[in-house]
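Visitor: Please find one structure pasted underneath; my questions will follow.
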Amino acid sequence: MLALVYKSAWDVALEERPVPEITRDNQVLVRIRATGVCGTDLGIVSGKYHAVPSVILGHESAGEVIDVGSAVTTLQPGDRVVIDPTYYCGQCDMCRTGRQNHCTHKSVTETGVSADGTFTDYYVTEDRFLYKLKGHVSYEEATLTEPLSCMLTGINQIHLLPNFRTVILGAGPIGILYSYALASKGVTGCLVDISEERLAIAGSIAPDRWEVHSSFENAIESLSPATQQVDMIVDTTGVVGTQVLSQLASGGYLMLVGLRDGNTSFNPKEVVDRSLKIIGSIDSLGTFATAHYMIEQGIIPAKKIITHSFPLEDYEEAFRTLGCDIQGRTLQASSHAIKVVLQSSGSSF
């Protein structure tokens with residue numbers, strides 16, 4: 001089978017790999033049909049995020065069941081499924097204390113990072129990580145389930161009120177999914193991006209009553225002209241950090257979800273005195289089924305959010321569309337795309 005393999009920073013290539021085999025009775029062999037390109041993939045390729053050399057990249061996937069282990073009773077060949085890639089053992093200290101997204105075994109089981117992922121033709125996983133797709137949900141649309149579940153995990157850490165004045169920094173796929181996840185809770189707010197081109201796209205697909213702005217200051221002014229403070233800021237960029245704490249109202253939340261290295265500082269006295277909350281969130285924790293439901297019910301306009309689709313063989317063009325030029329070894333923010341999906345090559349089993 002064909003697979004997109006990471007070797008080192010800026011060194012990725014399509015390789016022939018053997019089709020994985022079912023080795024346990026609770027496993028399922030899935031024919032991958034579509035996989036979304038995540039910011040983590042761009043980080044790995046550009047050397048900004050660590051991955052194990054020779055690993056197959058990719059983790060936002062949907063496909064078709066090809067074969068099942070002897071103990072699998074809920075799935076059968078031909079079923080269309082979406083894959084929850086966040087493996088957890090259920091037995092380690094992290095799992096037993098409700099932190100499955102930080103399972104102790106993550107260093108060797110993280111799909112597309114420390115364990116083989118889904119930018120390929122076939123993938124083996126356990127039946128508990130598969131969810132059936134209804135006929136009206138395309139494989140491409142289903143690829144948004146995993147990133148949406150990560151947004152819902154972040155929101156679950158907040159004592160959220162529908163009247164929270166909210167600013168989301170970054171109008172890419174994560175920012176837009178956060179806006180829809182928050183809108184489903186009754187929250188309205190503003191999306192901010194420095195790219196006018198991306199804002200134009202975001203403006204056409206943002207939830208009702210959500211605004212788009214080209215500056216953080218304009219968003220604050222729109223939401224709270226009197227106090228110049230808001231209740232929640234979600235930073236998807238990874239470059240803003242705690243410098244926006246002064247714009248948070250007392251008791252407010254700063255949600256950090258951008259995976260970028262950097263240094264920042266804050267005054268602990270201010271955080272204590274004004275009851276501010278700084279929260280980091282990664283991966284999915286008990287929210288995949290809800291994300292699956294929201295995609296299925298059309299609460300998320302998945303077709304609009306997916307702006308580009310490429311065959312797996314054209315991965316370089318797909319990455320370049322997102323601002324990651326593998327040959328030129330450069331990574332810049334893209335203004336031309338929101339969500340990009342790679343379709344599997346179609347090799348036979």
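FYI, nothing fancy with the structure tokens labels: chains A, B, ... in order, residues from 1 per chain, ligands from 1 as they appear.
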List as a ChimeraX atom specification the protein and nucleic acid residues near Tyr123 of chain A, meaning an atom at most 7 Å away when only C-alpha atoms are counted, but skip any in the same chain fewer than 5 places from it.

Guide: /A:20,29-32,118

Visitor: Considering only C-alpha atoms, give me a table of residues in segment 176-210 of chain A that are at most 12 Å from segment 225-230 of chain A, with the closest atom pair and distance in Å for each, as a Markdown table.

Guide:
| residue | atom | partner | partner_atom | distance |
| --- | --- | --- | --- | --- |
| A:Thr188 | CA | A:Val230 | CA | 11.7 |
| A:Gly189 | CA | A:Val230 | CA | 9.5 |
| A:Cys190 | CA | A:Val230 | CA | 10.7 |

Visitor: Do you know which residues are at most 8 Å from Asp235 of chain A counting only C-alpha atoms, after dropping those on the same chain fewer than 5 positions away, and could you put them as an MDAnalysis selection string?

Guide: chainID A and resid 168:170 240:241 254:258

Visitor: If you run DSSP on this backbone, which residues of segment 88-314 of chain A come out as strand (DSSP E or B), and could you give them as a ChimeraX atom specification?

Guide: /A:111,115,120,122-126,130-132,166-169,189-192,211-213,230-235,248-256,277-280,306-311

Visitor: Give me the residues within 10 Å of Asp273 of chain A as a PyMOL selection string, counting only C-alpha atoms and dropping any in the same chain fewer than 4 places off.

Guide: chain A and resi 250-251+268-269

Visitor: For the helix (DSSP H, G or I) assignment from backbone DSSP, which residues of segment 26-201 of chain A qualify? Please present them as a PyMOL selection string.

Guide: chain A and resi 39-45+93-96+100-102+106-109+127-129+139-142+145-155+173-183+196-201

Visitor: What would the file look like if the residues just selected were written as an mmCIF file, in the first residue's frame with C-alpha atoms?

Guide:
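Result file is selection_21.cif:
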data_model
loop_
_atom_site.group_PDB
_atom_site.id
_atom_site.type_symbol
_atom_site.label_atom_id
_atom_site.label_comp_id
_atom_site.auth_asym_id
_atom_site.auth_seq_id
_atom_site.Cartn_x
_atom_site.Cartn_y
_atom_site.Cartn_z
ATOM 1 C CA GLY A 39 -1.641 21.805 11.743
ATOM 2 C CA THR A 40 0.228 19.105 13.657
ATOM 3 C CA ASP A 41 1.155 17.496 10.325
ATOM 4 C CA LEU A 42 2.558 20.821 9.121
ATOM 5 C CA GLY A 43 4.470 21.172 12.383
ATOM 6 C CA ILE A 44 5.967 17.702 12.049
ATOM 7 C CA VAL A 45 7.027 18.203 8.436
ATOM 8 C CA ASP A 93 -2.731 6.291 36.069
ATOM 9 C CA MET A 94 -3.698 8.958 33.543
ATOM 10 C CA CYS A 95 -6.562 6.902 32.120
ATOM 11 C CA ARG A 96 -7.857 5.879 35.539
ATOM 12 C CA GLN A 100 -7.158 9.477 28.734
ATOM 13 C CA ASN A 101 -5.873 12.095 26.281
ATOM 14 C CA HIS A 102 -2.597 11.919 28.242
ATOM 15 C CA LYS A 106 1.033 8.060 24.210
ATOM 16 C CA SER A 107 4.750 8.146 23.435
ATOM 17 C CA VAL A 108 4.339 4.963 21.387
ATOM 18 C CA THR A 109 0.641 4.992 20.444
ATOM 19 C CA ASP A 127 -13.382 -1.536 17.307
ATOM 20 C CA ARG A 128 -13.902 0.864 20.236
ATOM 21 C CA PHE A 129 -12.299 3.658 18.214
ATOM 22 C CA TYR A 139 -15.875 10.558 4.085
ATOM 23 C CA GLU A 140 -14.470 14.052 3.580
ATOM 24 C CA GLU A 141 -17.000 15.641 5.922
ATOM 25 C CA ALA A 142 -16.327 12.949 8.533
ATOM 26 C CA THR A 145 -14.939 14.809 13.543
ATOM 27 C CA GLU A 146 -11.558 14.463 15.248
ATOM 28 C CA PRO A 147 -10.585 18.153 15.236
ATOM 29 C CA LEU A 148 -14.107 19.114 16.336
ATOM 30 C CA SER A 149 -13.879 16.676 19.236
ATOM 31 C CA CYS A 150 -10.687 18.446 20.325
ATOM 32 C CA MET A 151 -12.543 21.775 20.348
ATOM 33 C CA LEU A 152 -15.317 20.280 22.459
ATOM 34 C CA THR A 153 -12.720 18.909 24.892
ATOM 35 C CA GLY A 154 -11.318 22.409 25.342
ATOM 36 C CA ILE A 155 -14.759 23.916 25.897
ATOM 37 C CA PRO A 173 -10.087 25.456 10.621
ATOM 38 C CA ILE A 174 -9.505 25.339 14.386
ATOM 39 C CA GLY A 175 -10.819 28.851 14.913
ATOM 40 C CA ILE A 176 -13.889 28.220 12.785
ATOM 41 C CA LEU A 177 -14.613 24.892 14.480
ATOM 42 C CA TYR A 178 -14.246 26.566 17.874
ATOM 43 C CA SER A 179 -16.753 29.219 16.787
ATOM 44 C CA TYR A 180 -19.296 26.559 15.812
ATOM 45 C CA ALA A 181 -18.686 24.514 18.948
ATOM 46 C CA LEU A 182 -19.251 27.649 21.038
ATOM 47 C CA ALA A 183 -22.242 28.708 18.942
ATOM 48 C CA GLU A 196 -8.111 39.738 4.699
ATOM 49 C CA GLU A 197 -8.371 36.873 2.215
ATOM 50 C CA ARG A 198 -8.876 34.301 4.945
ATOM 51 C CA LEU A 199 -11.326 36.599 6.722
ATOM 52 C CA ALA A 200 -13.368 36.790 3.525
ATOM 53 C CA ILE A 201 -13.622 32.996 3.496
#
